[in-house]
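Heads up, the thing below is written out as structure tokens.
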Amino acid sequence: MNTNNALQLNNSDLESGMRTKIKVSGLNAWYADNQALKDINIEIKENSITAFIGPSGCGKTTLLRCFNRMNDIIKDFKIEGNIVIDGEDINSIKMQKNLIDLRKKVGMVFQQPNLFPMSINQNMRLPIKENLNGLRSKEIKDIIEKKLKDAHIYDEVKDRLNKSALRLSGGQQQRICIARTITIEPEIILFDEPCSALDPISTLKIEDLLLDLKNKYTIVIVTHNLEQARRIADYAAFFYEGRIIEQGNSEDIFINPKELLTQNYIRGKF
Ligand SMILES: Nc1ncnc2c1ncn2[C@@H]1O[C@H](COP(=O)(O)OP(=O)(O)OP(=O)(O)O)[C@@H](O)[C@H]1O
Ligand SMILES: [Mg+2]
């Protein structure tokens with residue numbers, strides 16, 4: 001680990017009173033010749049919700065996907081700079097095994113629920129089978145029940161655990177996806193527009209859930225719904241054309257943004 005980084009981490013932790021979980025410094029990223037991220041510097045605090053906001057194509061998803069190296073699979077994707085999670089520079093990870101560990105630690109929930117066409121139980125068993133081999137079926141049943149409860153969905157599905165997961169509503173499916181993600185106990189959960197396909201009531205249920213989950217996990221969420229970011233985020237970062245224009249406490253960003261670009265975006269002038 002770079003000692004410099006460790007020192008910076010400690011200093012900023014002291015200032016804010018919250019521990020830094022992810023520290024990004026001088027990050028640039030390209031898809032072939034197209035530079036998608038430009039000199040990104042941000043610290044994500046533990047047990048908090050950080051919202052990435054900004055117009056389409058400004059690099060929010062790209063940065064999110066850097067946090068568990070999902071962009072590795074994209075041909076011609078190139079990155080420069082540092083992403084340090086719990087003191088480890090994740091871009092220096094070479095071994096496949098460590099990359100698998102990184103992805104266990106940094107879970108992800110997408111815009112569209114991505115359940116498999118099988119029962120709720122079978123969907124929930126997939127990560128358990130891969131990661132918690134050797135458990136007895138009663139133990140697996142208990143884990144599934146606990147995680148469904150933690151994801152605020154158990155009561156709605158407890159009588160249909162052996163029915164197809166795809167018969168649930170979009171909002172219910174999204175909460176099952178979250179239950180599946182927390183089954184392997186990640187430390188960070190990345191959400192890329194998790195509510196954009198959902199109705200307002202399902203959206204509020206997910207927001208409640210996120211507020212609950214932040215007690216245990218560090219959450220980063222990309223959202224186009226500014227009201228949502230305002231309701232749930234502790235911190236926010238406004239992206240524009242690959243740069244972070246402004247970041248800080250979400251109250252400051254939404255009520256008193258300093259930069260003209262942020263002001264215009266918040267006021268819907270884009
Ligand atoms: N797989 C890819 N291959 C090539 N270019 C990409 C790829 N994904 C994103 N880009 C480009 O990188 C830039 C940033 O895209 P990104 O998806 O990070 O934006 P975003 O802020 O998430 O946008 P949106 O709000 O529309 O989801 C854009 O110019 C986009 O076209
Ligand atoms: Mg995106």
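Each chain in the structure tokens gets a letter, A, B, ..., in the order shown, and its residues are numbered from 1; ligands are numbered from 1 in order too.
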I'd like the contact shell of A:Glu193 - 7 Å cut-off, only C-alpha atoms, skipping same-chain residues fewer than 2 positions apart - returned as a ChimeraX atom specification.
/A:110-111,191,195-196,221-223
I'd like the contact shell of stretch 114-116 of chain A - 10 Å cut-off, only C-alpha atoms, skipping same-chain residues fewer than 6 positions apart - returned as JSON, numbers by chain.
{"A": [122, 123, 124, 126, 164, 165, 166, 173, 174, 176, 177, 180]}
For each of A:Arg267, A:Arg175, A:Lys21, A:Lys78, take the minimum atom-to-atom distance to ligand 1, counting only C-alpha atoms and all ligand atoms, then give the residue where this is smallest.
A:Lys78
Determine, for each residue of chain A having at least one atom at most 7 Å from an atom of ligand 2, the closest pair of atoms and their separation in Å to one decimal, counting only C-alpha atoms and all ligand atoms; order by chain and ascending number, as CSV.
```
residue,atom,partner,partner_atom_place_in_ligand_line,distance
A:Ser56,CA,ligand 2,1 (Mg),6.9
A:Gly57,CA,ligand 2,1 (Mg),6.8
A:Lys60,CA,ligand 2,1 (Mg),5.6
A:Thr61,CA,ligand 2,1 (Mg),4.1
A:Asp192,CA,ligand 2,1 (Mg),6.7
```
Would you save the residues from that selection as a CSV table (one decimal), in the first residue's frame, using C-alpha atoms?
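Output file result.csv is given in full below:
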```csv
chain,number,residue,atom,x,y,z
A,56,SER,CA,-26.5,11.6,-19.8
A,57,GLY,CA,-23.0,10.5,-20.9
A,60,LYS,CA,-21.3,8.3,-13.8
A,61,THR,CA,-21.7,4.7,-14.8
A,192,ASP,CA,-26.8,2.2,-11.2
```
What residues have any atom no more than 8 Å from ligand 1 when counting only C-alpha atoms and all ligand atoms, and can you list them as a PyMOL selection string?
chain A and resi 30-32+34-37+53-63+71+74-75+77+222-224+239+241-242
With only C-alpha atoms as the counted atoms, please give the residues lying no more than 6 Å from A:Asn47, apart from itself and same-chain residues fewer than 4 positions off, as a list in words.
Lys214, Asn215, Tyr217 and Thr218 of chain A
Next, write the just-selected residues to a file, as a JSON list (two decimals), in the first residue's frame, keeping C-alpha atoms as the atom set.
```
[["chain", "number", "residue", "atom", "x", "y", "z"],
["A", 214, "LYS", "CA", -26.38, 2.13, 4.78],
["A", 215, "ASN", "CA", -26.09, 1.21, 8.45],
["A", 217, "TYR", "CA", -22.89, -1.11, 3.86],
["A", 218, "THR", "CA", -21.32, 1.76, 1.94]]
```
Using only C-alpha atoms, tabulate the residues of stretch 11-56 of chain A lying at most 10 Å from any atom of stretch 85-91 of chain A, each with its closest atom pair and that distance in Å to one decimal, by chain and increasing residue number, as a tab-separated table.
```
residue	atom	partner	partner_atom	distance
A:Arg19	CA	A:Asp86	CA	9.5
A:Thr20	CA	A:Asp86	CA	7.8
A:Lys21	CA	A:Asp86	CA	5.7
A:Ile22	CA	A:Ile85	CA	4.6
A:Lys23	CA	A:Ile85	CA	6.5
A:Val24	CA	A:Ile85	CA	8.8
A:Glu43	CA	A:Ile85	CA	9.9
A:Ile44	CA	A:Ile85	CA	9.4
A:Glu46	CA	A:Asp86	CA	9.9
```
